[in-house]
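As stored in upload_34.pdb (PDB, C-alpha atoms):
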```
ATOM      1  CA  MET A   1      67.354-316.247 175.584
ATOM      2  CA  ASN A   2      69.619-319.031 176.874
ATOM      3  CA  ALA A   3      67.837-319.299 180.227
ATOM      4  CA  GLN A   4      64.423-319.729 178.618
ATOM      5  CA  ALA A   5      65.349-321.905 175.652
ATOM      6  CA  VAL A   6      65.586-325.686 175.847
ATOM      7  CA  VAL A   7      67.946-327.694 173.663
ATOM      8  CA  HIS A   8      66.418-331.130 173.070
ATOM      9  CA  VAL A   9      69.137-333.738 172.493
ATOM     10  CA  VAL A  10      68.109-336.990 170.784
ATOM     11  CA  ASP A  11      70.948-339.531 170.567
ATOM     12  CA  ASP A  12      71.215-343.225 171.409
ATOM     13  CA  ASP A  13      74.781-342.813 172.741
ATOM     14  CA  GLU A  14      74.392-342.292 176.494
ATOM     15  CA  SER A  15      77.928-340.963 176.987
ATOM     16  CA  LEU A  16      77.477-338.431 174.183
ATOM     17  CA  ARG A  17      74.143-337.299 175.605
ATOM     18  CA  ALA A  18      75.817-336.713 178.952
ATOM     19  CA  ALA A  19      78.702-334.815 177.329
ATOM     20  CA  LEU A  20      76.337-332.634 175.329
ATOM     21  CA  ARG A  21      74.256-331.940 178.419
ATOM     22  CA  ARG A  22      77.356-330.797 180.313
ATOM     23  CA  LEU A  23      78.552-328.603 177.452
ATOM     24  CA  LEU A  24      75.172-326.979 176.810
ATOM     25  CA  THR A  25      74.369-326.512 180.492
ATOM     26  CA  ALA A  26      77.729-324.808 180.991
ATOM     27  CA  ALA A  27      76.805-322.487 178.104
ATOM     28  CA  GLY A  28      73.634-321.497 179.934
ATOM     29  CA  TYR A  29      71.035-323.648 178.209
ATOM     30  CA  SER A  30      68.400-325.919 179.666
ATOM     31  CA  VAL A  31      68.732-329.407 178.195
ATOM     32  CA  ALA A  32      66.290-332.271 177.755
ATOM     33  CA  ALA A  33      67.780-335.579 176.583
ATOM     34  CA  TYR A  34      66.173-338.563 174.832
ATOM     35  CA  ALA A  35      67.661-341.940 173.888
ATOM     36  CA  SER A  36      65.600-342.377 170.708
ATOM     37  CA  ALA A  37      63.205-340.712 168.310
ATOM     38  CA  GLY A  38      60.405-342.767 169.830
ATOM     39  CA  GLU A  39      61.179-341.531 173.330
ATOM     40  CA  PHE A  40      61.099-337.942 172.083
ATOM     41  CA  LEU A  41      57.692-338.441 170.454
ATOM     42  CA  LEU A  42      56.310-340.202 173.541
ATOM     43  CA  ARG A  43      56.997-337.096 175.635
ATOM     44  CA  PRO A  44      57.055-334.251 173.110
ATOM     45  CA  PRO A  45      58.041-330.824 174.401
ATOM     46  CA  ALA A  46      55.607-328.039 175.094
ATOM     47  CA  ASP A  47      55.436-325.224 172.577
ATOM     48  CA  ALA A  48      58.300-323.219 174.035
ATOM     49  CA  PRO A  49      61.544-321.697 172.710
ATOM     50  CA  GLY A  50      64.194-324.231 171.825
ATOM     51  CA  CYS A  51      65.801-326.370 169.163
ATOM     52  CA  LEU A  52      66.462-330.027 168.442
ATOM     53  CA  LEU A  53      69.954-331.546 168.391
ATOM     54  CA  LEU A  54      69.388-334.776 166.561
ATOM     55  CA  ASP A  55      71.519-337.838 165.832
ATOM     56  CA  LEU A  56      71.193-338.962 162.226
ATOM     57  CA  ARG A  57      71.413-342.736 162.725
ATOM     58  CA  MET A  58      69.770-344.455 165.683
ATOM     59  CA  PRO A  59      68.147-347.833 166.304
ATOM     60  CA  GLY A  60      64.541-347.646 165.181
ATOM     61  CA  PRO A  61      63.395-344.427 163.501
ATOM     62  CA  SER A  62      66.325-342.392 162.218
ATOM     63  CA  GLY A  63      66.944-338.718 162.761
ATOM     64  CA  LEU A  64      65.588-338.008 159.282
ATOM     65  CA  ASP A  65      62.455-340.007 160.138
ATOM     66  CA  LEU A  66      61.956-337.880 163.234
ATOM     67  CA  GLN A  67      62.564-334.677 161.290
ATOM     68  CA  GLN A  68      59.820-335.680 158.863
ATOM     69  CA  ALA A  69      57.446-336.562 161.723
ATOM     70  CA  LEU A  70      57.771-333.228 163.539
ATOM     71  CA  ASP A  71      55.129-331.405 161.494
ATOM     72  CA  GLN A  72      52.641-334.245 161.987
ATOM     73  CA  HIS A  73      53.021-333.787 165.748
ATOM     74  CA  GLY A  74      52.813-329.996 165.611
ATOM     75  CA  ILE A  75      56.462-329.574 166.625
ATOM     76  CA  ARG A  76      58.228-326.720 164.852
ATOM     77  CA  LEU A  77      61.597-326.732 166.565
ATOM     78  CA  PRO A  78      64.617-326.003 164.330
ATOM     79  CA  VAL A  79      66.786-329.095 163.801
ATOM     80  CA  ILE A  80      70.566-329.479 163.975
ATOM     81  CA  PHE A  81      71.878-332.880 162.870
ATOM     82  CA  LEU A  82      74.838-334.645 164.461
ATOM     83  CA  THR A  83      76.312-337.653 162.742
ATOM     84  CA  GLY A  84      79.315-339.903 162.695
ATOM     85  CA  HIS A  85      78.216-341.304 159.351
ATOM     86  CA  GLY A  86      77.631-338.136 157.387
ATOM     87  CA  ASP A  87      77.643-338.065 153.620
ATOM     88  CA  LEU A  88      76.875-335.309 151.137
ATOM     89  CA  ALA A  89      73.585-336.754 149.892
ATOM     90  CA  THR A  90      72.197-337.188 153.409
ATOM     91  CA  GLY A  91      73.335-333.709 154.380
ATOM     92  CA  ILE A  92      71.652-332.181 151.344
ATOM     93  CA  ARG A  93      68.463-334.086 152.105
ATOM     94  CA  ALA A  94      68.501-332.899 155.713
ATOM     95  CA  MET A  95      69.124-329.276 154.745
ATOM     96  CA  LYS A  96      66.409-329.333 152.069
ATOM     97  CA  ALA A  97      64.017-330.593 154.734
ATOM     98  CA  GLY A  98      64.826-327.490 156.770
ATOM     99  CA  ALA A  99      67.738-328.478 159.018
ATOM    100  CA  VAL A 100      69.692-325.519 160.372
ATOM    101  CA  ASP A 101      73.027-327.328 160.271
ATOM    102  CA  PHE A 102      74.644-330.724 159.748
ATOM    103  CA  LEU A 103      77.614-331.368 162.035
ATOM    104  CA  SER A 104      79.957-334.355 162.057
ATOM    105  CA  LYS A 105      80.920-336.181 165.259
ATOM    106  CA  PRO A 106      82.978-335.622 167.250
ATOM    107  CA  VAL A 107      81.566-332.118 167.164
ATOM    108  CA  GLU A 108      83.655-329.251 168.492
ATOM    109  CA  ARG A 109      82.301-326.848 171.088
ATOM    110  CA  GLU A 110      82.339-323.606 169.088
ATOM    111  CA  PRO A 111      80.659-324.893 165.895
ATOM    112  CA  LEU A 112      78.028-326.614 168.017
ATOM    113  CA  LEU A 113      77.226-323.534 170.094
ATOM    114  CA  ALA A 114      77.186-321.370 166.964
ATOM    115  CA  ALA A 115      74.681-323.747 165.349
ATOM    116  CA  VAL A 116      72.523-323.728 168.490
ATOM    117  CA  GLU A 117      72.528-319.912 168.513
ATOM    118  CA  ARG A 118      71.447-319.844 164.860
ATOM    119  CA  ALA A 119      68.701-322.361 165.530
ATOM    120  CA  LEU A 120      67.383-320.425 168.522
ATOM    121  CA  ALA A 121      67.483-317.161 166.569
ATOM    122  CA  LEU A 122      65.408-318.794 163.822
ATOM    123  CA  ASP A 123      62.980-320.157 166.390
ATOM    124  CA  ALA A 124      62.629-316.736 168.018
ATOM    125  CA  ALA A 125      62.010-315.052 164.648
ATOM    126  CA  ARG A 126      59.382-317.643 163.746
ATOM    127  CA  ARG A 127      57.613-317.125 167.052
ATOM    128  CA  VAL A 128      57.542-313.351 166.571
ATOM    129  CA  ALA A 129      56.134-313.766 163.058
ATOM    130  CA  SER A 130      53.582-316.306 164.259
ATOM    131  CA  ALA A 131      52.414-313.990 167.050
ATOM    132  CA  ALA A 132      52.071-311.110 164.572
ATOM    133  CA  GLU A 133      50.033-313.290 162.209
ATOM    134  CA  ALA A 134      47.757-314.419 165.032
ATOM    135  CA  ASP A 135      47.245-310.804 166.104
ATOM    136  CA  LEU A 136      46.349-309.802 162.550
ATOM    137  CA  GLN A 137      43.860-312.641 162.236
ATOM    138  CA  ASN A 138      42.265-311.654 165.548
ATOM    139  CA  ARG A 139      41.929-308.040 164.404
ATOM    140  CA  PHE A 140      40.474-309.145 161.061
ATOM    141  CA  ALA A 141      37.917-311.280 162.911
ATOM    142  CA  GLN A 142      36.688-308.114 164.649
ATOM    143  CA  LEU A 143      35.520-306.601 161.356
ATOM    144  CA  THR A 144      31.778-306.601 160.815
ATOM    145  CA  ALA A 145      30.339-308.252 157.697
ATOM    146  CA  ARG A 146      29.857-304.851 156.044
ATOM    147  CA  GLU A 147      33.389-303.782 156.979
ATOM    148  CA  ARG A 148      34.704-306.931 155.327
ATOM    149  CA  ASP A 149      32.766-306.014 152.184
ATOM    150  CA  VAL A 150      34.378-302.576 152.236
ATOM    151  CA  PHE A 151      37.783-304.143 152.883
ATOM    152  CA  ASP A 152      37.420-306.465 149.876
ATOM    153  CA  LEU A 153      36.401-303.631 147.566
ATOM    154  CA  VAL A 154      39.157-301.295 148.754
ATOM    155  CA  VAL A 155      41.706-304.053 148.185
ATOM    156  CA  ALA A 156      40.214-304.574 144.715
ATOM    157  CA  GLY A 157      41.040-300.940 143.950
ATOM    158  CA  ARG A 158      37.527-299.483 144.041
ATOM    159  CA  LEU A 159      37.005-295.812 144.893
ATOM    160  CA  ASN A 160      34.650-294.763 147.686
ATOM    161  CA  LYS A 161      31.898-293.806 145.219
ATOM    162  CA  GLN A 162      32.223-297.146 143.429
ATOM    163  CA  ILE A 163      32.056-298.986 146.748
ATOM    164  CA  ALA A 164      28.967-296.995 147.736
ATOM    165  CA  ASP A 165      27.270-297.912 144.452
ATOM    166  CA  ALA A 166      28.262-301.573 144.759
ATOM    167  CA  LEU A 167      26.941-301.883 148.314
ATOM    168  CA  GLY A 168      23.968-299.561 147.950
ATOM    169  CA  ILE A 169      25.044-297.254 150.768
ATOM    170  CA  ALA A 170      25.969-293.595 151.082
ATOM    171  CA  GLU A 171      29.504-292.539 150.241
ATOM    172  CA  ARG A 172      29.914-290.965 153.686
ATOM    173  CA  THR A 173      29.029-294.353 155.201
ATOM    174  CA  VAL A 174      31.747-295.952 153.078
ATOM    175  CA  LYS A 175      34.249-293.372 154.329
ATOM    176  CA  ALA A 176      33.289-294.058 157.940
ATOM    177  CA  GLN A 177      33.505-297.836 157.517
ATOM    178  CA  ARG A 178      36.757-297.561 155.585
ATOM    179  CA  ALA A 179      38.208-295.556 158.479
ATOM    180  CA  GLN A 180      37.037-298.275 160.884
ATOM    181  CA  VAL A 181      38.679-300.970 158.777
ATOM    182  CA  MET A 182      41.949-299.006 158.703
ATOM    183  CA  SER A 183      41.836-298.497 162.451
ATOM    184  CA  LYS A 184      41.044-302.112 163.320
ATOM    185  CA  LEU A 185      43.732-303.498 161.008
ATOM    186  CA  GLY A 186      46.339-300.861 161.811
ATOM    187  CA  ALA A 187      46.664-299.753 158.176
ATOM    188  CA  ALA A 188      47.513-296.221 157.062
ATOM    189  CA  ASN A 189      46.425-296.525 153.430
ATOM    190  CA  ALA A 190      44.994-298.787 150.739
ATOM    191  CA  ALA A 191      48.437-300.155 149.848
ATOM    192  CA  GLU A 192      48.877-301.422 153.406
ATOM    193  CA  LEU A 193      45.422-302.987 153.248
ATOM    194  CA  GLY A 194      46.568-304.790 150.111
ATOM    195  CA  ARG A 195      49.595-306.203 151.935
ATOM    196  CA  ILE A 196      47.364-307.257 154.820
ATOM    197  CA  ALA A 197      44.990-308.976 152.379
ATOM    198  CA  ALA A 198      47.929-310.903 150.897
ATOM    199  CA  GLN A 199      49.050-312.003 154.375
ATOM    200  CA  LEU A 200      45.552-313.146 155.283
ATOM    201  CA  GLN A 201      45.222-315.022 152.019
ATOM    202  CA  ARG A 202      48.470-316.891 152.664
ATOM    203  CA  ARG A 203      47.136-317.888 156.091
ATOM    204  CA  GLY A 204      43.759-318.922 154.672
ATOM    205  CA  ALA A 205      41.781-316.276 156.574
TER     206      ALA A 205
END
```
Full structure transcribed into structure tokens:
Amino acid sequence: MNAQAVVHVVDDDESLRAALRRLLTAAGYSVAAYASAGEFLLRPPADAPGCLLLDLRMPGPSGLDLQQALDQHGIRLPVIFLTGHGDLATGIRAMKAGAVDFLSKPVEREPLLAAVERALALDAARRVASAAEADLQNRFAQLTARERDVFDLVVAGRLNKQIADALGIAERTVKAQRAQVMSKLGAANAAELGRIAAQLQRRGA
């Protein structure tokens, strides 16, 4: 994971950026460094594994400003804050906004690397979940219009005979289309179809 992941360091202190680059590179990470939030947004990273090591207070937009702007730019990297001016209220605000950790400068090696590992683990888990959701949506898109009708009625708890009556088709046709729906969506039973329906609903499918 270390060789593929990139730790993006945003800090206006050039000497600290250099020190962090040395430390993280020695730990096996690729590092990209930026002197400001604006510089980061001018050359945003590709959608690849990584995390964001972010100074809280910088000239121009602050670290919290950048954290809030990430979603608008389609950047979903986990954030670790570094600050020499930390206070409880700011830390709580950062954590509520989704920060993985909030570390005070001068940060020690082990807590920093532990926070980076947590952030990368979260990023990896999110990417796995996102890929699974995309796969499910693709499989759902392969259902025919009639199969979607059957899917909706099965999820609503209707029996095969009730579905046949509702759609004006033979019960054996319902059974065949229900089997197709199960196969395409990778479901073993109606309960699993219900869970799939809930997932699709959350994603707006």
What does the structure give for the distance between CA of Leu82 (chain A) and CA of Leu53 (chain A), in Å to one decimal?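 Value for the CA of Leu82 (chain A)-CA of Leu53 (chain A) distance: 7.0 Å.
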Taking the file as shown, what set of residues would the PyMOL selection byres ((chain A and resi 200) around 12) give back, as a PyMOL selection string? chain A and resi 132-141+152+185+193-199+201-205
Nearest to Glu14 (chain A) by atom-to-atom distance, counting all atoms listed in the file, from A:Tyr34, A:Val107, A:Gly28, A:Asp101: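 Ranking A:Tyr34, A:Val107, A:Gly28, A:Asp101 by distance to Glu14 (chain A), first place goes to A:Tyr34.
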Report the distance between CA of Lys96 (chain A) and CA of Ala121 (chain A) in Å, rounded to one decimal place.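 That distance, rounded to one decimal, is 19.0 Å.
Once the PyMOL selection byres ((chain A and resi 8) around 10) is applied to the shown structure, the selection contains A:Ala5, A:Val6, A:Val7, A:Val9, A:Val10, A:Asp11, A:Arg21, A:Ser30, A:Val31, A:Ala32, A:Ala33, A:Tyr34, A:Phe40, A:Pro44, A:Pro45, A:Gly50, A:Cys51, A:Leu52, A:Leu53, A:Leu54, A:Leu77, A:Val79.
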Straight-line distance linking CA of Arg127 (chain A) with CA of Gly186 (chain A), stated in Å to one decimal: 20.5 Å
Restricting the calculation to all atoms listed in the file, which member of A:Arg148, A:Arg109, A:Lys175, A:Arg158 is positioned closest to Ala27 (chain A)? A:Arg109
